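Below: the structure, in structure tokens.
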Amino acid sequence: MDIRFEDLPGQGSKVVLSGRLDSSGAIEIELPFNAVATEKRAVVVDLSGVTILSSSGVRLLLVGAKLCAAKGGKLVILCPQADVAKVLRIARFDALAPIVTSESAALSALGSDLV
Amino acid sequence: MAQHAISFVFGPFRLLAARHELLAQGVPVTIGQRALDVLLALVRRHGELVTKDELMSAVWPGLVVEENNLAVHISALRKILGKTEDGKSYLQTVAGRGYRFVAPVTQEDVARAVVPPVVPVEPKDAPHNLPQLLTRLIGRSDELGVLQEHLKRHRLVTLTGAGGVGKTRLAIETGRQALPAYPDGVWFVDLAPIRGLVAALVAEVLGLGHASGSAGSLAAVLKGQQRLIILDNCEHVIAESAALVETLIRTCPELSILATSRERLAIAGENVFRVPSLPTPDATDALTAQAAQRFGAVEMFVERAAALGEGFALTNQNAAIVAAICRRIDGIPLAIELAAPRLRVLSERQLASGLDERFGLLTGRSRTAVPRHQTLQALIAWSYELLDRTEQQMLRRFAVCAGPTSLASIVAVAEPDAAHADVLDLVISLVEKSLILPDRSHDETRYRMPESTRYFALDRLAAEEQHDRHRRHARYFAERFAQATRAFETSASELWLARYGADVDNLRTALTFAFGPDGSRDIALDLVGCSHVIWSELGLMLEHRHWVERARACVTADTPPLTQARLLSWQSGDVKDADDPSDIDDALSAASLYRGLGDAFHEGKMLMRAGAGRLMQDSAQTSTPADHDSGEALLRTARALLAPSGDTKALAQCVSALASARLFADDMGQAQALHREALAITQRLAETEAVAASDGSSGLRT
Ligand SMILES: Nc1ncnc2c1ncn2[C@@H]1O[C@H](COP(=O)(O)OP(=O)(O)O)[C@@H](O)[C@H]1O
Ligand SMILES: [Mg+2]
């Protein structure tokens, strides 16, 4: 499991995840991921490189979304692969955070949260 | 019947599927039959990974073959194909898994190729979950054409016909052809393993939300979507399927349904298509081999017979007899699959007269009026009678299992006192007779029974023994999942799922029996208490919730505390409920039950879950940072309880959650240290597992 960060304008950050986000994967990235979600108001989580998402992974993303929301910010999911998107839908994650398929859509979903 | 002659074109090559011929710049290439089969299997699915097991069963169906035989053919193919124009390989090796045909391929329909239409084999965009079948589709071009038309005009098309006539196969191929018409995809849902919960299963296969477990809510979610849903084997749950389909059709104008069923669904707007058998030549036809081969049934028989590796070939001499065999079994594909293996021990003529005798008995001489389903029944019965007593017994008992079943499970359910090797012999001899099918798409070879055969065999199992076997089956799977739950703590999820995921149909069957009228509440509660991980790893949240609720309704004051604790140990997996206070309460109740039982590990695991849940609640409330303590305090207690059991997933999760707790308390130094500790635990777990796997302790491979 890999985690990388890119800065977005203003208060934002893009988190690029890749690999298997299962129980071991979640442990590998839990701390750095939560650190960003605690610090930033606007977080884009790029899931295009994630091949498997298990319930531990969903829970990790959920905490991230809640941490952002607690500061009045937002978390956006970018480009999940088909199987991963399916898990997010079954877990009703889409009710909690927007799931978008392009970077520009991600930025506009964040809108004022970026500044 | 017009035969589609498909050819695949890549680089300077043209691969003629029906003629089994490879041309380079129009000139036939010398290539071994097996190598050609390998090539065909790869080209048919070009761009996709085709696993070694899939290739081996495409090329050596039903046989157990050394992996390096495959490697030999691949390297022969590489030599023949060389490189593409831009110097790339045609074949890519995916290390340890299989091969992929990477060069661009176009498919041509030679029969119509006045202006060759260049059609990609499979449109890549529309999503689907259609099963990839390893045998070649024979004939059916007319039916496929008609069905495409039906689907354009009718929203519900039902394929009916006797078992084994080819309904499922035709539905899958129709779905594949129809992909371009359904931007939201084509979804195949097999209803055979279930006895209820049709809407929930459809919702899960389609990957739709929790909210869609009932017909009405599923319809609401599917509204406006251009999907084709294939419901296979509706006959098991005909009333529920009909009701669901009716609601969907009424509510979702863009949705189409293709159902297969022995009987029609009998609802308004249904378009029934009776699936015919494969065409057979008339008795009056004087037949050459070439003429006979044009009939689908003969073509299929010849292909299955040749695959036996006994040197069978269609000749001008045996063509008339083969035609007679196919006529006698009415061109029913499953009957052909059952009859062809008889050629191992009988000549064509003996097989033909054997069939004559059977059907003579059935109809009292005039054998014109044998209904289709009786033909197949008679053939299954004949195959059955030719088995020796131990094989018959094995077949009857195996019928209690559902879906792909491992050898170890077959042994436990059917012959617990026999040696694995002896059971394997029995199983292989049933595979050779097509009474059961090998399934190599799993970590080890598994075995399945075609539905028609399964019903036949269950009918032969005396009521009392049936009950007995079901009970044994349910007990065995309760134990297996209990063991799986323990193993999960120290396994990589990937390997764990490969080992246990395929048992979900057996789990469903066991649960259905255990909750049923002749079942046992005790076994049912054990099954539910031990299967939380499999449902959540497979993402089957609706089914999981259903069984948990049923089980919890059966709990009484007399229910043993361990059973209660296990039932409380579930996690809904639904985001909305993930930090639901009731989840935390369940975890705390389970923890105290485990404490009473002296089970420190599970007490710790439940406290960890409650602690993580509370931390999640706390972290969202920045205004009261002091609250972090309660979550963190639970996690600390949990850690102390988990640690004595050594490295486990639960311990790693606990330490990782403690790292987050420190992060939220702005103590980055401690947070980092705990994070490293959690990583070290997962690392050690992965290493131990790699060692265990290389020991070969992961089970018998056949
Ligand atoms: N046209 C065909 N070409 C090749 N194999 C076929 C064809 N039709 C059916 N079969 C095979 O015959 C067997 C029975 O067919 P199936 O579709 O399962 O029948 P049904 O669903 O009507 O019971 C299966 O093994 C299937 O793959
Ligand atoms: Mg079928």
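By order in the structure tokens, chains are A, B, ...; within a chain, residues start at 1; ligands start at 1, following the order shown.
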
Which residues of chain B have any atom within 9 Å of an atom in ligand 2 when counting only C-alpha atoms and all ligand atoms, and what is the closest pair of atoms for each, with the distance in Å to one decimal? Order the rows by chain and rising number and write it as a tab-separated table.
```
residue	atom	partner	partner_atom_place_in_ligand_line	distance
B:Gly163	CA	ligand 2	1 (Mg)	6.6
B:Gly164	CA	ligand 2	1 (Mg)	6.7
B:Val165	CA	ligand 2	1 (Mg)	8.3
B:Gly166	CA	ligand 2	1 (Mg)	6.8
B:Lys167	CA	ligand 2	1 (Mg)	5.5
B:Thr168	CA	ligand 2	1 (Mg)	4.2
B:Arg169	CA	ligand 2	1 (Mg)	7.2
B:Ala171	CA	ligand 2	1 (Mg)	9.0
B:Asp190	CA	ligand 2	1 (Mg)	8.8
B:Ala192	CA	ligand 2	1 (Mg)	8.5
B:Asp232	CA	ligand 2	1 (Mg)	6.5
B:Asn233	CA	ligand 2	1 (Mg)	5.8
B:Thr260	CA	ligand 2	1 (Mg)	7.1
B:Ser261	CA	ligand 2	1 (Mg)	7.8
B:Arg262	CA	ligand 2	1 (Mg)	8.9
B:Pro450	CA	ligand 2	1 (Mg)	8.2
B:Glu451	CA	ligand 2	1 (Mg)	7.1
B:Ser452	CA	ligand 2	1 (Mg)	8.5
```

Pull all heavy atoms from the residues just selected and write them as a CSV table (one decimal), in the first residue's frame.
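Okay, part-v4.csv is ready:
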```csv
chain,number,residue,atom,x,y,z
B,163,GLY,N,-34.0,-28.9,-18.4
B,163,GLY,CA,-32.7,-28.8,-17.9
B,163,GLY,C,-31.7,-29.3,-18.9
B,163,GLY,O,-31.9,-30.3,-19.5
B,164,GLY,N,-30.5,-28.6,-19.0
B,164,GLY,CA,-29.5,-29.1,-19.9
B,164,GLY,C,-29.6,-28.8,-21.3
B,164,GLY,O,-28.7,-29.1,-22.1
B,165,VAL,N,-30.7,-28.1,-21.7
B,165,VAL,CA,-30.9,-27.8,-23.1
B,165,VAL,C,-30.0,-26.7,-23.6
B,165,VAL,O,-29.8,-26.5,-24.8
B,165,VAL,CB,-32.4,-27.6,-23.4
B,165,VAL,CG1,-32.8,-26.2,-23.0
B,165,VAL,CG2,-32.7,-27.9,-24.9
B,166,GLY,N,-29.5,-25.9,-22.6
B,166,GLY,CA,-28.6,-24.8,-23.0
B,166,GLY,C,-29.1,-23.4,-22.7
B,166,GLY,O,-28.6,-22.5,-23.3
B,167,LYS,N,-30.0,-23.3,-21.8
B,167,LYS,CA,-30.6,-22.0,-21.4
B,167,LYS,C,-29.6,-21.0,-20.9
B,167,LYS,O,-29.4,-19.9,-21.3
B,167,LYS,CB,-31.7,-22.2,-20.4
B,167,LYS,CG,-32.9,-23.0,-20.8
B,167,LYS,CD,-34.0,-23.1,-19.8
B,167,LYS,CE,-33.5,-23.9,-18.5
B,167,LYS,NZ,-33.2,-25.3,-18.7
B,168,THR,N,-28.8,-21.5,-19.9
B,168,THR,CA,-27.8,-20.7,-19.2
B,168,THR,C,-26.8,-20.2,-20.2
B,168,THR,O,-26.5,-19.0,-20.3
B,168,THR,CB,-27.2,-21.4,-18.1
B,168,THR,OG1,-28.2,-21.8,-17.1
B,168,THR,CG2,-26.2,-20.6,-17.3
B,169,ARG,N,-26.3,-21.2,-21.0
B,169,ARG,CA,-25.3,-20.9,-21.9
B,169,ARG,C,-25.7,-19.8,-22.9
B,169,ARG,O,-25.0,-18.8,-23.2
B,169,ARG,CB,-24.9,-22.2,-22.6
B,169,ARG,CG,-23.8,-22.0,-23.6
B,169,ARG,CD,-22.5,-21.8,-22.9
B,169,ARG,NE,-21.4,-21.4,-23.8
B,169,ARG,CZ,-20.3,-22.1,-24.0
B,169,ARG,NH1,-20.1,-23.2,-23.4
B,169,ARG,NH2,-19.4,-21.6,-24.8
B,171,ALA,N,-28.2,-17.7,-22.6
B,171,ALA,CA,-28.4,-16.4,-21.9
B,171,ALA,C,-27.1,-15.6,-21.7
B,171,ALA,O,-27.0,-14.4,-22.0
B,171,ALA,CB,-29.0,-16.6,-20.5
B,190,ASP,N,-27.1,-15.6,-10.7
B,190,ASP,CA,-27.5,-17.0,-10.6
B,190,ASP,C,-28.3,-17.2,-9.3
B,190,ASP,O,-27.8,-17.1,-8.2
B,190,ASP,CB,-26.2,-17.9,-10.6
B,190,ASP,CG,-26.6,-19.4,-10.6
B,190,ASP,OD1,-27.8,-19.7,-10.7
B,190,ASP,OD2,-25.7,-20.2,-10.4
B,192,ALA,N,-29.6,-20.1,-8.5
B,192,ALA,CA,-29.6,-21.5,-8.0
B,192,ALA,C,-29.3,-21.7,-6.6
B,192,ALA,O,-30.0,-22.5,-5.9
B,192,ALA,CB,-28.7,-22.4,-8.9
B,232,ASP,N,-30.7,-16.1,-13.8
B,232,ASP,CA,-30.6,-17.5,-14.2
B,232,ASP,C,-31.2,-18.5,-13.1
B,232,ASP,O,-31.1,-18.2,-11.9
B,232,ASP,CB,-29.1,-17.9,-14.3
B,232,ASP,CG,-28.9,-19.2,-15.0
B,232,ASP,OD1,-29.7,-19.6,-15.8
B,232,ASP,OD2,-27.8,-19.8,-14.8
B,233,ASN,N,-31.9,-19.5,-13.6
B,233,ASN,CA,-32.5,-20.5,-12.7
B,233,ASN,C,-33.7,-19.9,-11.8
B,233,ASN,O,-33.7,-20.2,-10.6
B,233,ASN,CB,-31.5,-21.1,-11.8
B,233,ASN,CG,-30.5,-22.0,-12.6
B,233,ASN,OD1,-31.0,-22.8,-13.4
B,233,ASN,ND2,-29.2,-21.8,-12.4
B,260,THR,N,-33.9,-17.1,-17.2
B,260,THR,CA,-34.0,-18.5,-17.6
B,260,THR,C,-34.7,-19.3,-16.6
B,260,THR,O,-34.6,-19.0,-15.4
B,260,THR,CB,-32.6,-19.2,-17.8
B,260,THR,OG1,-32.1,-19.7,-16.5
B,260,THR,CG2,-31.6,-18.3,-18.4
B,261,SER,N,-35.6,-20.2,-17.0
B,261,SER,CA,-36.4,-20.9,-16.1
B,261,SER,C,-37.0,-22.1,-16.8
B,261,SER,O,-37.2,-22.1,-18.0
B,261,SER,CB,-37.5,-20.0,-15.6
B,261,SER,OG,-38.4,-20.6,-14.7
B,262,ARG,N,-37.2,-23.2,-16.0
B,262,ARG,CA,-37.9,-24.3,-16.6
B,262,ARG,C,-39.3,-24.0,-17.0
B,262,ARG,O,-39.8,-24.5,-18.0
B,262,ARG,CB,-37.9,-25.5,-15.7
B,262,ARG,CG,-36.4,-25.9,-15.3
B,262,ARG,CD,-36.2,-27.3,-15.2
B,262,ARG,NE,-34.7,-27.4,-15.0
B,262,ARG,CZ,-34.1,-28.3,-14.3
B,262,ARG,NH1,-34.8,-29.3,-13.7
B,262,ARG,NH2,-32.8,-28.3,-14.2
B,450,PRO,N,-23.8,-30.2,-12.2
B,450,PRO,CA,-24.8,-29.5,-12.9
B,450,PRO,C,-26.1,-29.6,-12.2
B,450,PRO,O,-26.4,-30.7,-11.6
B,450,PRO,CB,-24.8,-30.2,-14.3
B,450,PRO,CG,-23.6,-31.0,-14.3
B,450,PRO,CD,-23.1,-31.3,-12.9
B,451,GLU,N,-27.0,-28.6,-12.2
B,451,GLU,CA,-28.2,-28.6,-11.5
B,451,GLU,C,-29.1,-29.8,-11.8
B,451,GLU,O,-29.6,-30.4,-10.8
B,451,GLU,CB,-29.0,-27.3,-11.8
B,451,GLU,CG,-28.5,-26.1,-11.1
B,451,GLU,CD,-28.5,-26.2,-9.6
B,451,GLU,OE1,-29.6,-26.2,-9.0
B,451,GLU,OE2,-27.4,-26.3,-8.9
B,452,SER,N,-29.2,-30.2,-13.0
B,452,SER,CA,-30.1,-31.3,-13.4
B,452,SER,C,-29.6,-32.6,-12.7
B,452,SER,O,-30.3,-33.4,-12.2
B,452,SER,CB,-30.1,-31.6,-14.9
B,452,SER,OG,-30.3,-30.4,-15.6
```

- Task: Name all residues at most 8 Å from region 601-615 of chain B (count only C-alpha atoms; drop same-chain ones fewer than 2 positions away) and give them as JSON, numbers by chain.
- Result: {"B": [569, 578, 579, 583, 584, 585, 587, 588, 590, 591, 592, 593, 594, 595, 599, 617, 618, 619, 628, 630, 631, 632, 633, 634, 635, 637, 638, 639, 640, 641, 642, 645, 650, 651, 654, 657, 661]}

- as a PyMOL selection string, which residues of chain A does DSSP assign to strand (DSSP E or B)? chain A and resi 2-7+12-21+42-53+74-78+99-100

- Task: Kindly provide, as a ChimeraX atom specification, the residues of chain A having any atom no farther than 10 Å from an atom of chain B, counting only C-alpha atoms.
- Result: /A:20,22-35,38,52-56,58-71,82-96

- Find, counting only C-alpha atoms, the residue in A:Ile99, A:Leu47, A:Ala109, A:Val76 that gets nearest to Leu17 (chain A).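 Going through A:Ile99, A:Leu47, A:Ala109, A:Val76 one by one, the smallest distance to Leu17 (chain A) is for A:Leu47.
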
- Considering only C-alpha atoms, return as a VMD selection string whatever protein or nucleic-acid residues lie within 8 Å of Val100 (chain A), sequence-local ones (same chain, fewer than 5 positions apart) excluded. chain A and resid 76 to 79 105 to 106

- Based on DSSP run over this structure's backbone, return all residues of chain A in helix (DSSP H, G or I), as a ChimeraX atom specification. /A:23-39,55-70,82-90,93-95,103-114

- Message: Using only C-alpha atoms and all ligand atoms, which residues have at least one atom no more than 10 Å from ligand 1? Output them as a PyMOL selection string.
- Response: chain B and resi 133-141+143+159-173+232-233+260-262+275-278+296-297+299-301+303-304+331-338+434+437+450-453

Residue selection dump (C-alpha atoms) as an mmCIF file, in the first residue's frame:
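For reference, part_18.cif as written:
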```cif
data_model
loop_
_atom_site.group_PDB
_atom_site.id
_atom_site.type_symbol
_atom_site.label_atom_id
_atom_site.label_comp_id
_atom_site.auth_asym_id
_atom_site.auth_seq_id
_atom_site.Cartn_x
_atom_site.Cartn_y
_atom_site.Cartn_z
ATOM 1 C CA LEU B 133 -16.759 -20.081 -20.281
ATOM 2 C CA LEU B 134 -13.990 -22.377 -21.248
ATOM 3 C CA THR B 135 -15.700 -24.400 -23.927
ATOM 4 C CA ARG B 136 -16.463 -23.024 -27.341
ATOM 5 C CA LEU B 137 -20.045 -22.045 -28.136
ATOM 6 C CA ILE B 138 -21.431 -24.385 -30.743
ATOM 7 C CA GLY B 139 -24.096 -23.289 -33.211
ATOM 8 C CA ARG B 140 -26.781 -20.953 -31.848
ATOM 9 C CA SER B 141 -26.167 -18.152 -34.319
ATOM 10 C CA GLU B 143 -31.035 -18.138 -31.734
ATOM 11 C CA LEU B 159 -35.672 -18.631 -21.951
ATOM 12 C CA THR B 160 -37.519 -21.807 -21.078
ATOM 13 C CA GLY B 161 -36.760 -25.433 -21.707
ATOM 14 C CA ALA B 162 -35.759 -28.640 -20.028
ATOM 15 C CA GLY B 163 -32.660 -28.783 -17.858
ATOM 16 C CA GLY B 164 -29.487 -29.136 -19.884
ATOM 17 C CA VAL B 165 -30.910 -27.822 -23.126
ATOM 18 C CA GLY B 166 -28.573 -24.837 -23.000
ATOM 19 C CA LYS B 167 -30.601 -22.012 -21.440
ATOM 20 C CA THR B 168 -27.847 -20.666 -19.221
ATOM 21 C CA ARG B 169 -25.251 -20.854 -21.930
ATOM 22 C CA LEU B 170 -27.486 -19.088 -24.417
ATOM 23 C CA ALA B 171 -28.395 -16.399 -21.880
ATOM 24 C CA ILE B 172 -24.724 -15.671 -21.209
ATOM 25 C CA GLU B 173 -23.834 -15.424 -24.885
ATOM 26 C CA ASP B 232 -30.575 -17.533 -14.176
ATOM 27 C CA ASN B 233 -32.530 -20.466 -12.716
ATOM 28 C CA THR B 260 -33.968 -18.525 -17.626
ATOM 29 C CA SER B 261 -36.425 -20.896 -16.073
ATOM 30 C CA ARG B 262 -37.878 -24.336 -16.613
ATOM 31 C CA VAL B 275 -34.705 -22.917 -26.276
ATOM 32 C CA PRO B 276 -34.436 -25.668 -28.889
ATOM 33 C CA SER B 277 -31.930 -28.480 -28.712
ATOM 34 C CA LEU B 278 -28.951 -28.391 -31.024
ATOM 35 C CA GLY B 296 -24.648 -28.482 -34.014
ATOM 36 C CA ALA B 297 -25.318 -31.624 -31.983
ATOM 37 C CA GLU B 299 -20.276 -30.917 -33.849
ATOM 38 C CA MET B 300 -20.587 -30.805 -30.082
ATOM 39 C CA PHE B 301 -20.476 -34.577 -29.693
ATOM 40 C CA GLU B 303 -15.662 -32.041 -29.927
ATOM 41 C CA ARG B 304 -16.400 -33.631 -26.563
ATOM 42 C CA GLY B 331 -29.408 -32.918 -29.326
ATOM 43 C CA ILE B 332 -29.555 -31.815 -25.693
ATOM 44 C CA PRO B 333 -26.145 -30.339 -24.858
ATOM 45 C CA LEU B 334 -25.930 -31.697 -21.327
ATOM 46 C CA ALA B 335 -26.970 -35.132 -22.612
ATOM 47 C CA ILE B 336 -24.185 -34.912 -25.183
ATOM 48 C CA GLU B 337 -21.732 -34.121 -22.425
ATOM 49 C CA LEU B 338 -22.939 -37.156 -20.496
ATOM 50 C CA SER B 434 -19.360 -35.486 -16.815
ATOM 51 C CA LEU B 437 -17.469 -30.659 -13.260
ATOM 52 C CA PRO B 450 -24.772 -29.472 -12.909
ATOM 53 C CA GLU B 451 -28.199 -28.584 -11.482
ATOM 54 C CA SER B 452 -30.064 -31.343 -13.375
ATOM 55 C CA THR B 453 -27.693 -33.979 -12.086
#
```

- Task: Using only C-alpha atoms, determine which residues lie at most 12 Å from Glu6 (chain A), disregarding the query and same-chain residues fewer than 6 positions distant; provide the list as a PyMOL selection string.
- Result: chain A and resi 12-17+36+43-46

- Query: Using only C-alpha atoms, which residues sit within 9 Å of Val533 (chain B) once same-chain residues fewer than 2 positions away are excluded, as a PyMOL selection string?
  - Reply: chain B and resi 481+484-485+488+530-531+535-538+570

Print the selection's residues with N, CA and C atoms to a file, as a PDB file, in the first residue's frame.
```pdb
ATOM      1  N   PHE B 481     -16.002 -22.451   9.015  1.00  0.00           N
ATOM      2  CA  PHE B 481     -15.970 -20.996   9.111  1.00  0.00           C
ATOM      3  C   PHE B 481     -15.458 -20.525  10.468  1.00  0.00           C
ATOM      4  N   ALA B 484     -11.939 -20.616   9.826  1.00  0.00           N
ATOM      5  CA  ALA B 484     -11.594 -19.519   8.919  1.00  0.00           C
ATOM      6  C   ALA B 484     -11.495 -18.206   9.691  1.00  0.00           C
ATOM      7  N   THR B 485     -12.418 -18.022  10.638  1.00  0.00           N
ATOM      8  CA  THR B 485     -12.417 -16.788  11.420  1.00  0.00           C
ATOM      9  C   THR B 485     -11.132 -16.688  12.245  1.00  0.00           C
ATOM     10  N   PHE B 488      -8.195 -15.927   9.945  1.00  0.00           N
ATOM     11  CA  PHE B 488      -8.206 -14.572   9.406  1.00  0.00           C
ATOM     12  C   PHE B 488      -7.264 -13.657  10.175  1.00  0.00           C
ATOM     13  N   CYS B 530     -20.105 -17.543  13.190  1.00  0.00           N
ATOM     14  CA  CYS B 530     -18.755 -17.784  12.659  1.00  0.00           C
ATOM     15  C   CYS B 530     -18.563 -17.279  11.247  1.00  0.00           C
ATOM     16  N   SER B 531     -19.560 -16.650  10.665  1.00  0.00           N
ATOM     17  CA  SER B 531     -19.403 -16.290   9.255  1.00  0.00           C
ATOM     18  C   SER B 531     -19.353 -14.779   9.022  1.00  0.00           C
ATOM     19  N   TRP B 535     -18.837 -12.685   5.013  1.00  0.00           N
ATOM     20  CA  TRP B 535     -19.790 -11.739   4.426  1.00  0.00           C
ATOM     21  C   TRP B 535     -19.143 -10.378   4.257  1.00  0.00           C
ATOM     22  N   SER B 536     -18.406  -9.929   5.266  1.00  0.00           N
ATOM     23  CA  SER B 536     -17.884  -8.567   5.150  1.00  0.00           C
ATOM     24  C   SER B 536     -16.731  -8.513   4.158  1.00  0.00           C
ATOM     25  N   GLU B 537     -15.913  -9.569   4.077  1.00  0.00           N
ATOM     26  CA  GLU B 537     -14.831  -9.555   3.084  1.00  0.00           C
ATOM     27  C   GLU B 537     -15.389  -9.625   1.665  1.00  0.00           C
ATOM     28  N   LEU B 538     -16.514 -10.321   1.487  1.00  0.00           N
ATOM     29  CA  LEU B 538     -17.110 -10.400   0.150  1.00  0.00           C
ATOM     30  C   LEU B 538     -18.019  -9.203  -0.137  1.00  0.00           C
ATOM     31  N   TRP B 570     -20.600  -9.009  15.338  1.00  0.00           N
ATOM     32  CA  TRP B 570     -20.639  -8.599  13.933  1.00  0.00           C
ATOM     33  C   TRP B 570     -20.503  -7.100  13.829  1.00  0.00           C
TER      34      TRP B 570
END
```

- Message: Considering only C-alpha atoms, can you say which of B:Val105, B:Leu426, B:Leu55, B:Leu379 comes closest to Arg358 (chain B)?
- Response: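 Comparing B:Val105, B:Leu426, B:Leu55, B:Leu379 against Arg358 (chain B), the winner is B:Leu379.
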